[in-house]
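Novice: Have a peek at final-v6.pdb (PDB, C-alpha atoms, pLDDT in the B column).
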ATOM      1  CA  GLY O   1     133.945 104.503 162.666  1.00 71.00           C
ATOM      2  CA  ALA O   2     134.576 100.881 161.791  1.00 74.00           C
ATOM      3  CA  ALA O   3     133.213  98.240 159.431  1.00 78.00           C
ATOM      4  CA  LEU O   4     133.444  94.516 160.105  1.00 77.00           C
ATOM      5  CA  HIS O   5     132.536  91.824 157.589  1.00 80.00           C
ATOM      6  CA  CYS O   6     132.538  88.137 158.492  1.00 79.00           C
ATOM      7  CA  MET O   7     132.570  85.492 155.750  1.00 79.00           C
ATOM      8  CA  PRO O   8     132.183  81.786 156.657  1.00 75.00           C
ATOM      9  CA  LEU O   9     134.862  79.596 155.094  1.00 76.00           C
ATOM     10  CA  THR O  10     134.222  76.164 156.537  1.00 73.00           C
ATOM     11  CA  LEU O  11     133.183  74.566 159.813  1.00 70.00           C
ATOM     12  CA  GLY O  12     134.727  76.553 162.649  1.00 68.00           C
ATOM     13  CA  ARG O  13     136.514  78.944 160.264  1.00 73.00           C
ATOM     14  CA  SER O  14     135.632  82.456 159.117  1.00 78.00           C
ATOM     15  CA  ARG O  15     137.448  85.330 157.451  1.00 80.00           C
ATOM     16  CA  LEU O  16     137.079  88.735 159.060  1.00 80.00           C
ATOM     17  CA  LEU O  17     137.594  91.967 157.138  1.00 81.00           C
ATOM     18  CA  PHE O  18     137.949  94.919 159.498  1.00 77.00           C
ATOM     19  CA  ARG O  19     138.367  98.537 158.468  1.00 77.00           C
ATOM     20  CA  ALA O  20     138.514 101.617 160.682  1.00 73.00           C
ATOM     21  CA  TYR O  21     137.960 105.067 159.223  1.00 75.00           C
ATOM     22  CA  PHE O  22     138.120 108.592 160.597  1.00 73.00           C
ATOM     23  CA  THR O  23     136.371 111.644 159.188  1.00 74.00           C
ATOM     24  CA  GLY O  24     136.024 115.175 160.448  1.00 74.00           C
ATOM     25  CA  LEU O  25     139.046 114.970 162.741  1.00 76.00           C
ATOM     26  CA  PRO O  26     141.217 118.034 163.387  1.00 81.00           C
ATOM     27  CA  ALA O  27     144.628 118.152 161.723  1.00 81.00           C
ATOM     28  CA  PRO O  28     146.650 117.358 164.912  1.00 82.00           C
ATOM     29  CA  ALA O  29     144.534 114.243 165.560  1.00 77.00           C
ATOM     30  CA  LYS O  30     144.984 113.072 161.965  1.00 77.00           C
ATOM     31  CA  LEU O  31     148.732 113.612 162.272  1.00 81.00           C
ATOM     32  CA  LEU O  32     148.900 111.451 165.408  1.00 79.00           C
ATOM     33  CA  ILE O  33     146.887 108.704 163.705  1.00 75.00           C
ATOM     34  CA  ASN O  34     149.113 108.784 160.612  1.00 80.00           C
ATOM     35  CA  LEU O  35     152.257 108.619 162.751  1.00 84.00           C
ATOM     36  CA  LYS O  36     151.115 105.350 164.303  1.00 84.00           C
ATOM     37  CA  PRO O  37     152.667 102.382 162.459  1.00 90.00           C
ATOM     38  CA  LYS O  38     150.159 100.385 160.450  1.00 89.00           C
ATOM     39  CA  TRP O  39     151.315  97.086 161.957  1.00 92.00           C
ATOM     40  CA  LEU O  40     150.716  98.405 165.471  1.00 91.00           C
ATOM     41  CA  GLY O  41     147.198  99.413 164.490  1.00 87.00           C
ATOM     42  CA  ASN O  42     146.672  95.920 163.079  1.00 89.00           C
ATOM     43  CA  LEU O  43     147.734  94.342 166.370  1.00 91.00           C
ATOM     44  CA  ASN O  44     145.339  96.601 168.270  1.00 88.00           C
ATOM     45  CA  SER O  45     142.520  95.538 165.942  1.00 84.00           C
ATOM     46  CA  CYS O  46     143.413  91.898 166.602  1.00 86.00           C
ATOM     47  CA  LYS O  47     143.220  92.568 170.329  1.00 85.00           C
ATOM     48  CA  ILE O  48     139.677  93.932 169.983  1.00 81.00           C
ATOM     49  CA  LEU O  49     138.559  90.938 167.930  1.00 81.00           C
ATOM     50  CA  GLU O  50     140.164  88.498 170.359  1.00 80.00           C
ATOM     51  CA  GLN O  51     138.164  89.992 173.205  1.00 77.00           C
ATOM     52  CA  ASP O  52     135.050  88.814 171.361  1.00 78.00           C
ATOM     53  CA  ALA O  53     136.493  85.410 170.472  1.00 75.00           C
ATOM     54  CA  GLY O  54     136.121  84.094 174.017  1.00 71.00           C
ATOM     55  CA  LEU O  55     132.422  84.968 174.064  1.00 74.00           C
ATOM     56  CA  ILE O  56     131.766  83.577 170.593  1.00 76.00           C
ATOM     57  CA  THR O  57     133.426  80.248 171.305  1.00 71.00           C
ATOM     58  CA  THR O  58     131.665  80.085 174.674  1.00 72.00           C
ATOM     59  CA  GLN O  59     128.384  80.294 172.798  1.00 74.00           C
ATOM     60  CA  GLU O  60     129.612  77.600 170.424  1.00 72.00           C
ATOM     61  CA  ASP O  61     130.368  75.310 173.356  1.00 69.00           C
ATOM     62  CA  HIS O  62     126.994  76.064 174.915  1.00 72.00           C
ATOM     63  CA  PHE O  63     124.994  75.127 171.829  1.00 74.00           C
ATOM     64  CA  LYS O  64     127.088  71.997 171.339  1.00 71.00           C
ATOM     65  CA  ARG O  65     126.244  70.784 174.847  1.00 70.00           C
ATOM     66  CA  SER O  66     122.641  71.948 175.043  1.00 73.00           C
ATOM     67  CA  LYS O  67     121.551  71.075 171.481  1.00 73.00           C
ATOM     68  CA  TYR O  68     119.266  74.111 171.620  1.00 78.00           C
ATOM     69  CA  ALA O  69     118.351  76.000 168.465  1.00 84.00           C
ATOM     70  CA  LEU O  70     119.493  79.574 168.056  1.00 84.00           C
ATOM     71  CA  LYS O  71     115.931  80.843 168.357  1.00 85.00           C
ATOM     72  CA  ASP O  72     115.652  79.281 171.821  1.00 84.00           C
ATOM     73  CA  ASP O  73     118.551  81.168 173.378  1.00 80.00           C
ATOM     74  CA  TYR O  74     119.073  84.280 171.271  1.00 80.00           C
ATOM     75  CA  ILE O  75     117.022  87.451 171.595  1.00 81.00           C
ATOM     76  CA  LEU O  76     117.102  89.092 168.188  1.00 82.00           C
ATOM     77  CA  LEU O  77     116.395  92.804 168.316  1.00 79.00           C
ATOM     78  CA  SER O  78     113.982  93.890 165.622  1.00 77.00           C
ATOM     79  CA  SER O  79     115.809  97.194 165.214  1.00 78.00           C
ATOM     80  CA  SER O  80     119.347  95.896 164.679  1.00 78.00           C
ATOM     81  CA  ASP O  81     119.196  92.159 163.889  1.00 82.00           C
ATOM     82  CA  VAL O  82     116.908  92.227 160.852  1.00 86.00           C
ATOM     83  CA  PHE O  83     119.526  90.926 158.436  1.00 85.00           C
ATOM     84  CA  VAL O  84     120.835  88.313 160.901  1.00 84.00           C
ATOM     85  CA  LYS O  85     117.324  86.958 161.447  1.00 87.00           C
ATOM     86  CA  SER O  86     116.535  86.961 157.732  1.00 90.00           C
ATOM     87  CA  TYR O  87     119.789  85.171 156.900  1.00 87.00           C
ATOM     88  CA  ARG O  88     119.231  82.450 159.489  1.00 88.00           C
ATOM     89  CA  GLN O  89     115.619  81.968 158.422  1.00 91.00           C
ATOM     90  CA  TRP O  90     116.796  81.679 154.817  1.00 92.00           C
ATOM     91  CA  LEU O  91     119.223  78.937 155.917  1.00 90.00           C
ATOM     92  CA  ASP O  92     116.311  77.107 157.570  1.00 91.00           C
ATOM     93  CA  LYS O  93     114.622  76.978 154.166  1.00 92.00           C
ATOM     94  CA  VAL O  94     117.494  76.193 151.821  1.00 91.00           C
ATOM     95  CA  GLY O  95     120.295  74.962 154.102  1.00 87.00           C
ATOM     96  CA  HIS O  96     119.385  71.288 153.675  1.00 86.00           C
ATOM     97  CA  GLY O  97     120.985  71.387 150.262  1.00 83.00           C
ATOM     98  CA  MET O  98     124.270  72.751 151.632  1.00 84.00           C
ATOM     99  CA  PRO O  99     127.268  70.808 153.018  1.00 81.00           C
ATOM    100  CA  TRP O 100     126.468  72.265 156.441  1.00 80.00           C
ATOM    101  CA  PHE O 101     124.317  75.053 157.858  1.00 84.00           C
ATOM    102  CA  GLN O 102     123.191  76.691 161.102  1.00 83.00           C
ATOM    103  CA  GLY O 103     119.760  78.212 160.770  1.00 87.00           C
ATOM    104  CA  LEU O 104     117.615  79.951 163.329  1.00 89.00           C
ATOM    105  CA  ALA O 105     115.465  76.894 164.095  1.00 89.00           C
ATOM    106  CA  THR O 106     117.337  73.997 162.459  1.00 88.00           C
ATOM    107  CA  ARG O 107     120.883  72.959 161.683  1.00 84.00           C
ATOM    108  CA  SER O 108     122.719  70.203 159.891  1.00 83.00           C
ATOM    109  CA  SER O 109     123.825  67.144 161.842  1.00 80.00           C
ATOM    110  CA  ASN O 110     127.489  67.784 161.039  1.00 78.00           C
ATOM    111  CA  VAL O 111     127.606  71.422 162.151  1.00 73.00           C
ATOM    112  CA  ASP O 112     129.528  70.464 165.316  1.00 67.00           C
ATOM    113  CA  ASP O 113     131.931  68.002 163.683  1.00 66.00           C
ATOM    114  CA  HIS O 114     134.886  70.365 164.147  1.00 56.00           C
ATOM    115  CA  LEU O 115     134.236  70.171 167.913  1.00 57.00           C
ATOM    116  CA  ALA O 116     134.059  66.381 168.058  1.00 57.00           C
ATOM    117  CA  GLU O 117     137.244  66.004 170.111  1.00 53.00           C
ATOM    118  CA  ILE O 118     136.233  68.542 172.775  1.00 50.00           C
ATOM    119  CA  PRO O 119     135.001  67.131 176.102  1.00 49.00           C
ATOM    120  CA  LEU O 120     131.441  68.174 176.822  1.00 45.00           C
ATOM    121  CA  LEU O 121     132.246  69.224 180.366  1.00 40.00           C
ATOM    122  CA  PRO O 122     133.766  71.522 181.296  1.00 42.00           C
ATOM    123  CA  PRO O 123     133.392  73.752 178.246  1.00 42.00           C
ATOM    124  CA  VAL O 124     136.752  74.252 176.612  1.00 45.00           C
ATOM    125  CA  LEU O 125     137.854  77.399 174.825  1.00 45.00           C
ATOM    126  CA  ASP O 126     141.507  76.640 174.179  1.00 48.00           C
ATOM    127  CA  PRO O 127     142.328  77.786 170.634  1.00 47.00           C
ATOM    128  CA  ILE O 128     143.544  74.314 169.690  1.00 46.00           C
ATOM    129  CA  HIS O 129     139.936  73.126 169.994  1.00 46.00           C
ATOM    130  CA  HIS O 130     138.602  75.713 167.598  1.00 46.00           C
ATOM    131  CA  ARG O 131     140.428  75.101 164.366  1.00 45.00           C
ATOM    132  CA  ALA O 132     140.837  72.294 161.867  1.00 39.00           C
ATOM    133  CA  GLY O 133     144.354  71.388 162.958  1.00 40.00           C
ATOM    134  CA  ASN O 134     146.477  70.020 165.755  1.00 42.00           C
ATOM    135  CA  PHE O 135     148.418  73.112 166.792  1.00 46.00           C
ATOM    136  CA  VAL O 136     147.568  76.077 168.933  1.00 59.00           C
ATOM    137  CA  GLU O 137     146.379  78.952 166.801  1.00 72.00           C
ATOM    138  CA  THR O 138     147.673  82.372 167.757  1.00 82.00           C
ATOM    139  CA  ARG O 139     147.466  85.903 166.413  1.00 86.00           C
ATOM    140  CA  TYR O 140     150.284  84.943 164.058  1.00 89.00           C
ATOM    141  CA  HIS O 141     148.161  82.265 162.356  1.00 84.00           C
ATOM    142  CA  ARG O 142     145.012  84.400 162.282  1.00 83.00           C
ATOM    143  CA  HIS O 143     146.517  87.616 160.951  1.00 87.00           C
ATOM    144  CA  VAL O 144     150.291  88.095 160.838  1.00 92.00           C
ATOM    145  CA  MET O 145     151.098  85.370 158.331  1.00 90.00           C
ATOM    146  CA  HIS O 146     148.455  86.795 155.967  1.00 89.00           C
ATOM    147  CA  CYS O 147     149.437  90.486 156.314  1.00 91.00           C
ATOM    148  CA  PRO O 148     152.680  91.578 154.563  1.00 94.00           C
ATOM    149  CA  THR O 149     152.986  94.773 156.630  1.00 94.00           C
ATOM    150  CA  THR O 150     152.671  93.053 159.993  1.00 94.00           C
ATOM    151  CA  ARG O 151     154.766  90.076 158.869  1.00 95.00           C
ATOM    152  CA  LYS O 152     157.638  92.355 157.799  1.00 95.00           C
ATOM    153  CA  ALA O 153     157.439  94.244 161.096  1.00 95.00           C
ATOM    154  CA  LEU O 154     157.730  90.973 162.993  1.00 95.00           C
ATOM    155  CA  GLY O 155     160.769  89.994 160.931  1.00 95.00           C
ATOM    156  CA  ARG O 156     162.486  93.321 161.667  1.00 96.00           C
ATOM    157  CA  ILE O 157     161.769  93.015 165.387  1.00 96.00           C
ATOM    158  CA  GLN O 158     163.140  89.467 165.499  1.00 95.00           C
ATOM    159  CA  THR O 159     166.257  90.496 163.577  1.00 96.00           C
ATOM    160  CA  LEU O 160     166.831  93.483 165.854  1.00 96.00           C
ATOM    161  CA  LYS O 161     166.360  91.316 168.943  1.00 95.00           C
ATOM    162  CA  LYS O 162     168.986  88.873 167.690  1.00 95.00           C
ATOM    163  CA  GLY O 163     171.308  91.801 167.063  1.00 94.00           C
ATOM    164  CA  MET O 164     170.826  93.070 170.624  1.00 93.00           C
ATOM    165  CA  LEU O 165     171.513  89.605 172.048  1.00 93.00           C
ATOM    166  CA  ALA O 166     174.648  89.338 169.933  1.00 93.00           C
ATOM    167  CA  LEU O 167     175.729  92.748 171.224  1.00 90.00           C
ATOM    168  CA  VAL O 168     175.219  91.589 174.819  1.00 91.00           C
ATOM    169  CA  VAL O 169     177.390  88.511 174.283  1.00 90.00           C
ATOM    170  CA  THR O 170     180.056  90.503 172.422  1.00 87.00           C
ATOM    171  CA  SER O 171     180.166  93.236 175.069  1.00 85.00           C
ATOM    172  CA  ILE O 172     180.489  90.739 177.919  1.00 86.00           C
ATOM    173  CA  THR O 173     183.184  88.766 176.112  1.00 84.00           C
ATOM    174  CA  LEU O 174     185.283  91.805 175.202  1.00 79.00           C
ATOM    175  CA  SER O 175     184.854  93.414 178.609  1.00 77.00           C
ATOM    176  CA  CYS O 176     185.991  90.257 180.384  1.00 78.00           C
ATOM    177  CA  GLY O 177     188.907  89.883 177.996  1.00 72.00           C
ATOM    178  CA  MET O 178     190.078  93.466 178.460  1.00 70.00           C
ATOM    179  CA  ALA O 179     189.571  93.358 182.220  1.00 66.00           C
ATOM    180  CA  ALA O 180     191.751  90.246 182.421  1.00 64.00           C
ATOM    181  CA  SER O 181     194.529  91.840 180.418  1.00 63.00           C
ATOM    182  CA  ASN O 182     197.625  92.796 182.409  1.00 58.00           C
ATOM    183  CA  ASN O 183     198.196  95.869 180.282  1.00 58.00           C
ATOM    184  CA  ILE O 184     194.647  97.231 180.458  1.00 51.00           C
ATOM    185  CA  PHE O 185     195.558 100.280 182.495  1.00 53.00           C
ATOM    186  CA  ALA O 186     198.627 100.976 180.417  1.00 51.00           C
ATOM    187  CA  SER O 187     196.549 101.554 177.329  1.00 65.00           C
ATOM    188  CA  ARG O 188     194.195 104.496 177.231  1.00 68.00           C
ATOM    189  CA  ALA O 189     192.515 103.094 174.090  1.00 68.00           C
ATOM    190  CA  LEU O 190     191.608  99.857 175.850  1.00 68.00           C
ATOM    191  CA  LEU O 191     190.338 101.823 178.849  1.00 70.00           C
ATOM    192  CA  ARG O 192     188.069 103.922 176.631  1.00 74.00           C
ATOM    193  CA  MET O 193     186.753 100.773 174.965  1.00 73.00           C
ATOM    194  CA  LEU O 194     186.026  99.251 178.349  1.00 73.00           C
ATOM    195  CA  LYS O 195     184.062 102.343 179.366  1.00 76.00           C
ATOM    196  CA  VAL O 196     181.946 101.900 176.238  1.00 77.00           C
ATOM    197  CA  MET O 197     181.481  98.130 176.454  1.00 79.00           C
ATOM    198  CA  VAL O 198     180.389  97.914 180.089  1.00 81.00           C
ATOM    199  CA  PRO O 199     177.371 100.275 179.760  1.00 84.00           C
ATOM    200  CA  LEU O 200     176.349  98.474 176.564  1.00 85.00           C
ATOM    201  CA  ILE O 201     175.691  95.270 178.511  1.00 87.00           C
ATOM    202  CA  PRO O 202     172.640  96.487 180.515  1.00 89.00           C
ATOM    203  CA  LEU O 203     171.413  98.770 177.714  1.00 91.00           C
ATOM    204  CA  SER O 204     171.438  96.056 175.052  1.00 92.00           C
ATOM    205  CA  SER O 205     169.958  93.577 177.546  1.00 92.00           C
ATOM    206  CA  LEU O 206     167.050  95.927 178.245  1.00 94.00           C
ATOM    207  CA  ALA O 207     166.588  96.517 174.523  1.00 94.00           C
ATOM    208  CA  ALA O 208     166.513  92.756 173.825  1.00 94.00           C
ATOM    209  CA  ALA O 209     164.004  92.230 176.647  1.00 95.00           C
ATOM    210  CA  GLY O 210     161.768  95.004 175.298  1.00 95.00           C
ATOM    211  CA  LEU O 211     161.925  93.598 171.768  1.00 95.00           C
ATOM    212  CA  HIS O 212     161.094  90.118 173.081  1.00 94.00           C
ATOM    213  CA  LYS O 213     158.058  91.516 174.882  1.00 94.00           C
ATOM    214  CA  LEU O 214     156.987  93.282 171.693  1.00 94.00           C
ATOM    215  CA  GLU O 215     157.541  90.105 169.667  1.00 94.00           C
ATOM    216  CA  LYS O 216     155.191  88.186 171.951  1.00 92.00           C
ATOM    217  CA  ARG O 217     152.353  90.511 170.928  1.00 92.00           C
ATOM    218  CA  PHE O 218     152.434  88.873 167.490  1.00 93.00           C
ATOM    219  CA  PHE O 219     151.692  85.435 169.005  1.00 89.00           C
ATOM    220  CA  VAL O 220     148.875  86.210 171.452  1.00 83.00           C
ATOM    221  CA  SER O 221     145.810  83.995 171.571  1.00 75.00           C
ATOM    222  CA  PHE O 222     142.435  84.522 173.156  1.00 70.00           C
ATOM    223  CA  LYS O 223     141.705  82.926 176.515  1.00 61.00           C
ATOM    224  CA  ARG O 224     138.618  81.949 178.381  1.00 52.00           C
ATOM    225  CA  LYS O 225     137.404  84.700 180.676  1.00 50.00           C
ATOM    226  CA  ASN O 226     137.416  83.614 184.306  1.00 46.00           C
ATOM    227  CA  GLN O 227     134.066  85.220 184.977  1.00 42.00           C
ATOM    228  CA  MET O 228     132.477  83.089 182.237  1.00 46.00           C
ATOM    229  CA  SER O 229     133.393  79.740 183.788  1.00 47.00           C
ATOM    230  CA  ALA O 230     130.883  80.128 186.616  1.00 45.00           C
ATOM    231  CA  GLU O 231     127.999  81.416 184.509  1.00 43.00           C
ATOM    232  CA  SER O 232     125.052  79.076 184.104  1.00 42.00           C
ATOM    233  CA  GLY O 233     124.877  77.753 180.557  1.00 40.00           C
ATOM    234  CA  LEU O 234     128.403  78.886 179.725  1.00 36.00           C
TER     235      LEU O 234
END
Would you mind writing the structure in this file as structure tokens?
Specialist:
Amino acid sequence: GAALHCMPLTLGRSRLLFRAYFTGLPAPAKLLINLKPKWLGNLNSCKILEQDAGLITTQEDHFKRSKYALKDDYILLSSSDVFVKSYRQWLDKVGHGMPWFQGLATRSSNVDDHLAEIPLLPPVLDPIHHRAGNFVETRYHRHVMHCPTTRKALGRIQTLKKGMLALVVTSITLSCGMAASNNIFASRALLRMLKVMVPLIPLSSLAAAGLHKLEKRFFVSFKRKNQMSAESGL
């Protein structure tokens, strides 16, 4: 199962606490779960949340353009949205004394201030338009920089990638130097070194490329879904 808690921080900013738990699993399944690095599980959780981010910010854009109240466009299910409805109705009653609020029927005039620089049409979901800053927000800013485990894993990957790149350069340099030597074939030691250095070039290059691809997973950002751009009201 999983538990997700969302706490508003300021306009356009929230803190998400996500926890997955497993009970009643057989021993082999638990072993496989425990073998999975924690930082990799964190990145997978980020991926799930980012799939929702496009929809959430699409809704934000829609209400900014339409000026509709939440009650006009949301269908709240009586079986599962009781607390959401009660919370929004409570904001309708007491939100006027808060710095900003978004109730079910009313909202403060400044609730869209963090979107002031976004053109009304077409709706824009670039991450730079959904934070209080002037830089593109990625998975690194949302999670990695706040999580010691994931941050350390990123540092190790970057260090290892630099090491692989250094090995590529060193292998190429030494191989070229030994190949250009006039006495290369007269020395069995140099020949053995050449046999080691040459295969290291493609192997270390592939390793560096794989590490670079893995590193990019720490800097992913959500994107607008193509199928949403043609939907009416989105």
Novice: Using all atoms listed in the file, which residues sit within 10 Å of range 19-35 of chain O once same-chain residues fewer than 6 positions away are excluded, as a ChimeraX atom specification?
Specialist: /O:1-5,41-42,45
Novice: For Lys71 in chain O, which residue among O:Met7, O:Met164, O:Ala105, O:Leu49 is the nearest when counting only C-alpha atoms?
Specialist: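 Closest to Lys71 in chain O, using only C-alpha atoms: O:Ala105.
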Novice: Using the chain letters and residue numbers of this document, give as a list in words the residues selected by the PyMOL selection byres ((chain O and resi 44) around 12).
Specialist: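 When the PyMOL selection byres ((chain O and resi 44) around 12) is applied, the selected residues are Phe18, Ala20, Lys36, Pro37, Lys38, Trp39, Leu40, Gly41, Asn42, Leu43, Ser45, Cys46, Lys47, Ile48, Leu49, Glu50, Gln51, Arg139, His143, Thr150, Arg217, Phe218 and Val220 of chain O.
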Novice: Would you kindly return, as an MDAnalysis selection string, each protein, DNA or RNA residue with an atom no farther than 9 Å from any atom of Gly210 in chain O, considering only C-alpha atoms and excluding same-chain residues fewer than 5 positions away?
Specialist: chainID O and resid 161 205 215
Novice: From the list O:Thr159, O:Leu76, O:Thr106, O:Pro202, which residue is nearest Trp90 in chain O when using all atoms listed in the file?
Specialist: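 Among the listed residues, O:Thr106 lies closest to Trp90 in chain O.
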Novice: Go ahead and compute the interatomic distance for CA of Val111 in chain O and CA of Tyr87 in chain O, in Å to one decimal.
Specialist: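 So the two atoms, CA of Val111 in chain O and CA of Tyr87 in chain O, lie 16.7 Å apart.
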Novice: Have a look at O:Thr173, O:Thr10, O:Ser221, O:Thr138 and name the one nearest to Val198 in chain O; count only C-alpha atoms.
Specialist: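 Of O:Thr173, O:Thr10, O:Ser221, O:Thr138, the one nearest Val198 in chain O, counting only C-alpha atoms, is O:Thr173.
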Novice: Box for range 59-75 of chain O - axis-aligned, 6 Å on each of the six sides, all listed atoms - centre and size in Å to one decimal, as lines of an AutoDock Vina configuration file.
Specialist:
center_x = 123.0
center_y = 79.1
center_z = 171.5
size_x = 26.7
size_y = 28.7
size_z = 19.0
Novice: May I have the protein, DNA and RNA residues with an atom at most 8 Å from (169.4, 90.9, 173.3), counting all atoms listed in the file in the file's coordinates, returned as a list in words?
Specialist: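 With a cut-off of 8 Å, the residues come to Lys161, Lys162, Gly163, Met164, Leu165, Ala166, Leu167, Val168, Ser204, Ser205, Leu206, Ala207, Ala208 and Ala209 of chain O.
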Novice: Pull C-alpha atoms from the residues just selected and write them as a compact mmCIF listing (two decimals), in the coordinates of the input.
Specialist:
# COMPACT_ATOMS: atom_id res chain seq x y z
CA LYS O 161 166.36 91.32 168.94
CA LYS O 162 168.99 88.87 167.69
CA GLY O 163 171.31 91.80 167.06
CA MET O 164 170.83 93.07 170.62
CA LEU O 165 171.51 89.60 172.05
CA ALA O 166 174.65 89.34 169.93
CA LEU O 167 175.73 92.75 171.22
CA VAL O 168 175.22 91.59 174.82
CA SER O 204 171.44 96.06 175.05
CA SER O 205 169.96 93.58 177.55
CA LEU O 206 167.05 95.93 178.24
CA ALA O 207 166.59 96.52 174.52
CA ALA O 208 166.51 92.76 173.82
CA ALA O 209 164.00 92.23 176.65
Novice: For this file, the PyMOL selection byres ((chain O and resi 94-104) around 10) selects which residues, as a VMD selection string?
Specialist: chain O and resid 10 to 11 69 to 72 74 84 to 93 105 to 112
Novice: Grab the residues selected above and save them as a PDB file, in the frame of the given file with C-alpha atoms.
Specialist:
ATOM      1  CA  THR O  10     134.222  76.164 156.537  1.00 73.00           C
ATOM      2  CA  LEU O  11     133.183  74.566 159.813  1.00 70.00           C
ATOM      3  CA  ALA O  69     118.351  76.000 168.465  1.00 84.00           C
ATOM      4  CA  LEU O  70     119.493  79.574 168.056  1.00 84.00           C
ATOM      5  CA  LYS O  71     115.931  80.843 168.357  1.00 85.00           C
ATOM      6  CA  ASP O  72     115.652  79.281 171.821  1.00 84.00           C
ATOM      7  CA  TYR O  74     119.073  84.280 171.271  1.00 80.00           C
ATOM      8  CA  VAL O  84     120.835  88.313 160.901  1.00 84.00           C
ATOM      9  CA  LYS O  85     117.324  86.958 161.447  1.00 87.00           C
ATOM     10  CA  SER O  86     116.535  86.961 157.732  1.00 90.00           C
ATOM     11  CA  TYR O  87     119.789  85.171 156.900  1.00 87.00           C
ATOM     12  CA  ARG O  88     119.231  82.450 159.489  1.00 88.00           C
ATOM     13  CA  GLN O  89     115.619  81.968 158.422  1.00 91.00           C
ATOM     14  CA  TRP O  90     116.796  81.679 154.817  1.00 92.00           C
ATOM     15  CA  LEU O  91     119.223  78.937 155.917  1.00 90.00           C
ATOM     16  CA  ASP O  92     116.311  77.107 157.570  1.00 91.00           C
ATOM     17  CA  LYS O  93     114.622  76.978 154.166  1.00 92.00           C
ATOM     18  CA  ALA O 105     115.465  76.894 164.095  1.00 89.00           C
ATOM     19  CA  THR O 106     117.337  73.997 162.459  1.00 88.00           C
ATOM     20  CA  ARG O 107     120.883  72.959 161.683  1.00 84.00           C
ATOM     21  CA  SER O 108     122.719  70.203 159.891  1.00 83.00           C
ATOM     22  CA  SER O 109     123.825  67.144 161.842  1.00 80.00           C
ATOM     23  CA  ASN O 110     127.489  67.784 161.039  1.00 78.00           C
ATOM     24  CA  VAL O 111     127.606  71.422 162.151  1.00 73.00           C
ATOM     25  CA  ASP O 112     129.528  70.464 165.316  1.00 67.00           C
TER      26      ASP O 112
END
Novice: Between CA of Ile157 in chain O and CA of Leu211 in chain O, what distance in Å does the model show, to one decimal?
Specialist: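 Going from CA of Ile157 in chain O over to CA of Leu211 in chain O covers 6.4 Å.
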Novice: Could you please determine the separation between CA of Val169 in chain O and CA of Leu203 in chain O in Å, to one decimal place?
Specialist: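 The value is 12.4 Å.
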